[in-house]
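Below: one structure, written as structure tokens.
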Amino acid sequence: QVQLVESGGGLVQAGGSLRLSCAASGRTFSSVALAWFRQAPGKERDFVAAISWNGGNTYYADSVKGRFTISRDNAKSTGNLQMNSLKPEDSAVYYCAAARNSGYIIGSLYSSRLIYGYWGQGTQVTVSS
């Protein structure tokens, strides 16, 4: 079992930065992949970024490549999403997610909601133009 709590959301002007954090509890956090998804009103929950259990591999949606950076600290059971050069279209509720199963995951699966069995409650990010 993994419990996740996001923080760090807020209101920022276009071009600004925010850093989201995901605090995890549970024994298996350090052995599972971690991801961020986002959901805007009336839209699907979309993949943003993911990181493998050991931090060795990262994956990003095309829309955030070069602007967002995902990281994790297994010793502290935390994950982070550094968001730079924010745009109004980045506005959404951001969710932290942890994979159902530990260990290796095929790269193409990281963006699929189906592999994530644990979700936080979400944190709102609003980017004004």
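In the structure tokens, the first chain shown is A, the next is B, and so on; residue numbers restart at 1 for each chain, and ligands run from 1 in the order shown.
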
Which residues are close to A:Gly26, i.e. within 9 Å by only C-alpha atoms, leaving aside same-chain residues fewer than 2 positions away? Reply as number ranges by chain. A: 1-3, 24, 28-29, 77

Using all heavy atoms, can you export the residues from the last selection as a short mmCIF file (atom, residue, chain, number, x, y, z; two decimals), in the first residue's frame?
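Heads up, here's the output in result.cif:
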```
data_model
loop_
_atom_site.label_atom_id
_atom_site.label_comp_id
_atom_site.auth_asym_id
_atom_site.auth_seq_id
_atom_site.Cartn_x
_atom_site.Cartn_y
_atom_site.Cartn_z
N GLN A 1 0.83 -1.19 0.00
CA GLN A 1 0.00 0.00 0.00
C GLN A 1 0.87 1.25 0.00
O GLN A 1 1.90 1.31 0.65
CB GLN A 1 -0.90 0.02 1.24
CG GLN A 1 -2.07 -0.92 1.18
CD GLN A 1 -3.17 -0.44 0.27
OE1 GLN A 1 -3.24 0.73 -0.02
NE2 GLN A 1 -4.00 -1.36 -0.19
N VAL A 2 0.44 2.23 -0.76
CA VAL A 2 1.13 3.52 -0.81
C VAL A 2 0.08 4.62 -0.69
O VAL A 2 -0.93 4.60 -1.40
CB VAL A 2 1.91 3.70 -2.13
CG1 VAL A 2 2.58 5.07 -2.17
CG2 VAL A 2 2.95 2.59 -2.30
N GLN A 3 0.31 5.55 0.21
CA GLN A 3 -0.57 6.72 0.33
C GLN A 3 0.20 7.93 -0.18
O GLN A 3 1.37 8.11 0.13
CB GLN A 3 -1.00 6.95 1.77
CG GLN A 3 -1.89 5.86 2.34
CD GLN A 3 -1.12 4.62 2.77
OE1 GLN A 3 -0.06 4.72 3.37
NE2 GLN A 3 -1.63 3.44 2.42
N ALA A 24 4.90 10.48 0.14
CA ALA A 24 4.39 9.11 0.12
C ALA A 24 4.62 8.43 1.45
O ALA A 24 5.61 8.68 2.14
CB ALA A 24 5.05 8.32 -0.99
N THR A 28 6.40 0.29 0.11
CA THR A 28 6.80 -0.07 -1.25
C THR A 28 7.13 1.11 -2.14
O THR A 28 7.45 0.93 -3.30
CB THR A 28 5.68 -0.88 -1.92
OG1 THR A 28 4.49 -0.07 -1.99
CG2 THR A 28 5.40 -2.15 -1.15
N PHE A 29 7.07 2.35 -1.61
CA PHE A 29 7.26 3.52 -2.46
C PHE A 29 8.56 3.45 -3.25
O PHE A 29 8.60 3.74 -4.44
CB PHE A 29 7.25 4.80 -1.63
CG PHE A 29 7.62 6.03 -2.41
CD1 PHE A 29 6.67 6.64 -3.22
CD2 PHE A 29 8.90 6.56 -2.37
CE1 PHE A 29 6.99 7.76 -3.96
CE2 PHE A 29 9.22 7.69 -3.10
CZ PHE A 29 8.27 8.28 -3.90
N SER A 77 11.07 9.43 0.61
CA SER A 77 9.74 9.03 0.13
C SER A 77 8.97 10.20 -0.47
O SER A 77 7.80 10.43 -0.15
CB SER A 77 8.92 8.39 1.25
OG SER A 77 9.50 7.17 1.67
#
```

Near stretch 6-12 of chain A, 7 Å: stretch 19-111 of chain A residue rows, closest pairs, only C-alpha atoms, as a Markdown table:
```
| residue | atom | partner | partner_atom | distance |
| --- | --- | --- | --- | --- |
| A:Arg19 | CA | A:Gly8 | CA | 5.9 |
| A:Leu20 | CA | A:Gly8 | CA | 4.5 |
| A:Ser21 | CA | A:Ser7 | CA | 5.3 |
| A:Cys22 | CA | A:Glu6 | CA | 4.4 |
| A:Ala23 | CA | A:Glu6 | CA | 6.4 |
| A:Cys96 | CA | A:Glu6 | CA | 6.5 |
```

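Of the residues listed (A:Ser85, A:Ser111, A:Gln124, A:Ala35), A:Ser111 shows the shortest atom-to-atom separation from A:Ala61; distances use only C-alpha atoms.
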
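Relative to atom CA of A:Arg27, atom CA of A:Met83 is found at 28.0 Å.
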
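Ranking A:Val93, A:Val127, A:Ala75, A:Leu109 by their shortest atom-to-atom distance to A:Asn54, with only C-alpha atoms included, puts A:Ala75 first.
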
Which residues come within 8 Å of A:Gln121, counting only C-alpha atoms, excluding same-chain residues fewer than 5 positions away, as a VMD selection string? chain A and resid 4 to 6 95

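Proximity to A:Gly120 was assessed for A:Leu34, A:Ile105, A:Leu18, A:Val64 counting only C-alpha atoms; the smallest distance is recorded for A:Leu34.
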
Tell me which of A:Ala50, A:Leu81, A:Ala92, A:Ala98 sits closest to A:Tyr110, counting only C-alpha atoms. A:Ala50

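The closest residue to A:Phe37, picked from A:Ala49, A:Leu114, A:Ile106, A:Leu86 and counting only C-alpha atoms, is A:Ala49.
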
Where in stretch 9-123 of chain A does DSSP assign strand (DSSP E), given as an MDAnalysis selection string? chainID A and resid 10:13 18:25 32:39 45:51 58:60 68:73 78:83 92:102 116:119 123

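The two atoms in question, atom CA of A:Tyr60 and atom CA of A:Ser129, are spaced 23.8 Å apart.
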
Surrounding residues of A:Ser30 excluding itself and chain neighbours under 6 positions, 10 Å, only C-alpha atoms, as a count of residues only: 14

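Distances here use only C-alpha atoms; by that measure, the residue among A:Ser128, A:Gln39, A:Ser25, A:Thr123 closest to A:Lys87 is A:Ser128.
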
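As for atom CA of A:Thr58 and atom CA of A:Pro88, they are spaced 24.3 Å apart.
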
With a distance cut-off of 9 Å and only C-alpha atoms, select the neighbouring residues of A:Asp62, excluding the residue or stretch itself and same-chain residues fewer than 3 positions from it, and output the selection as a list in words. Val48, Lys65 and Gly66 of chain A

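Every protein, DNA or RNA residue with an atom at most 8 Å from A:Asn84, where only C-alpha atoms count and chain neighbours fewer than 6 positions away do not, is listed here: A:Gly15, A:Gly16, A:Ser17, A:Leu18, A:Arg67, A:Phe68.
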
Store the residues picked out above, limited to N, CA and C atoms, as a short mmCIF file (atom, residue, chain, number, x, y, z; two decimals), in the first residue's frame.
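As written to disk, again01.cif reads:
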```
data_model
loop_
_atom_site.label_atom_id
_atom_site.label_comp_id
_atom_site.auth_asym_id
_atom_site.auth_seq_id
_atom_site.Cartn_x
_atom_site.Cartn_y
_atom_site.Cartn_z
N GLY A 15 4.63 32.02 -17.75
CA GLY A 15 6.07 32.19 -17.73
C GLY A 15 6.72 31.90 -16.39
N GLY A 16 5.89 31.77 -15.38
CA GLY A 16 6.39 31.51 -14.04
C GLY A 16 6.66 30.04 -13.78
N SER A 17 7.00 29.74 -12.53
CA SER A 17 7.37 28.38 -12.14
C SER A 17 6.63 27.95 -10.88
N LEU A 18 6.42 26.65 -10.77
CA LEU A 18 5.90 26.04 -9.56
C LEU A 18 6.61 24.70 -9.36
N ARG A 67 10.26 21.77 -20.30
CA ARG A 67 9.76 22.74 -19.33
C ARG A 67 9.58 22.13 -17.94
N PHE A 68 9.18 20.87 -17.89
CA PHE A 68 8.94 20.19 -16.62
C PHE A 68 10.04 19.17 -16.36
#
```
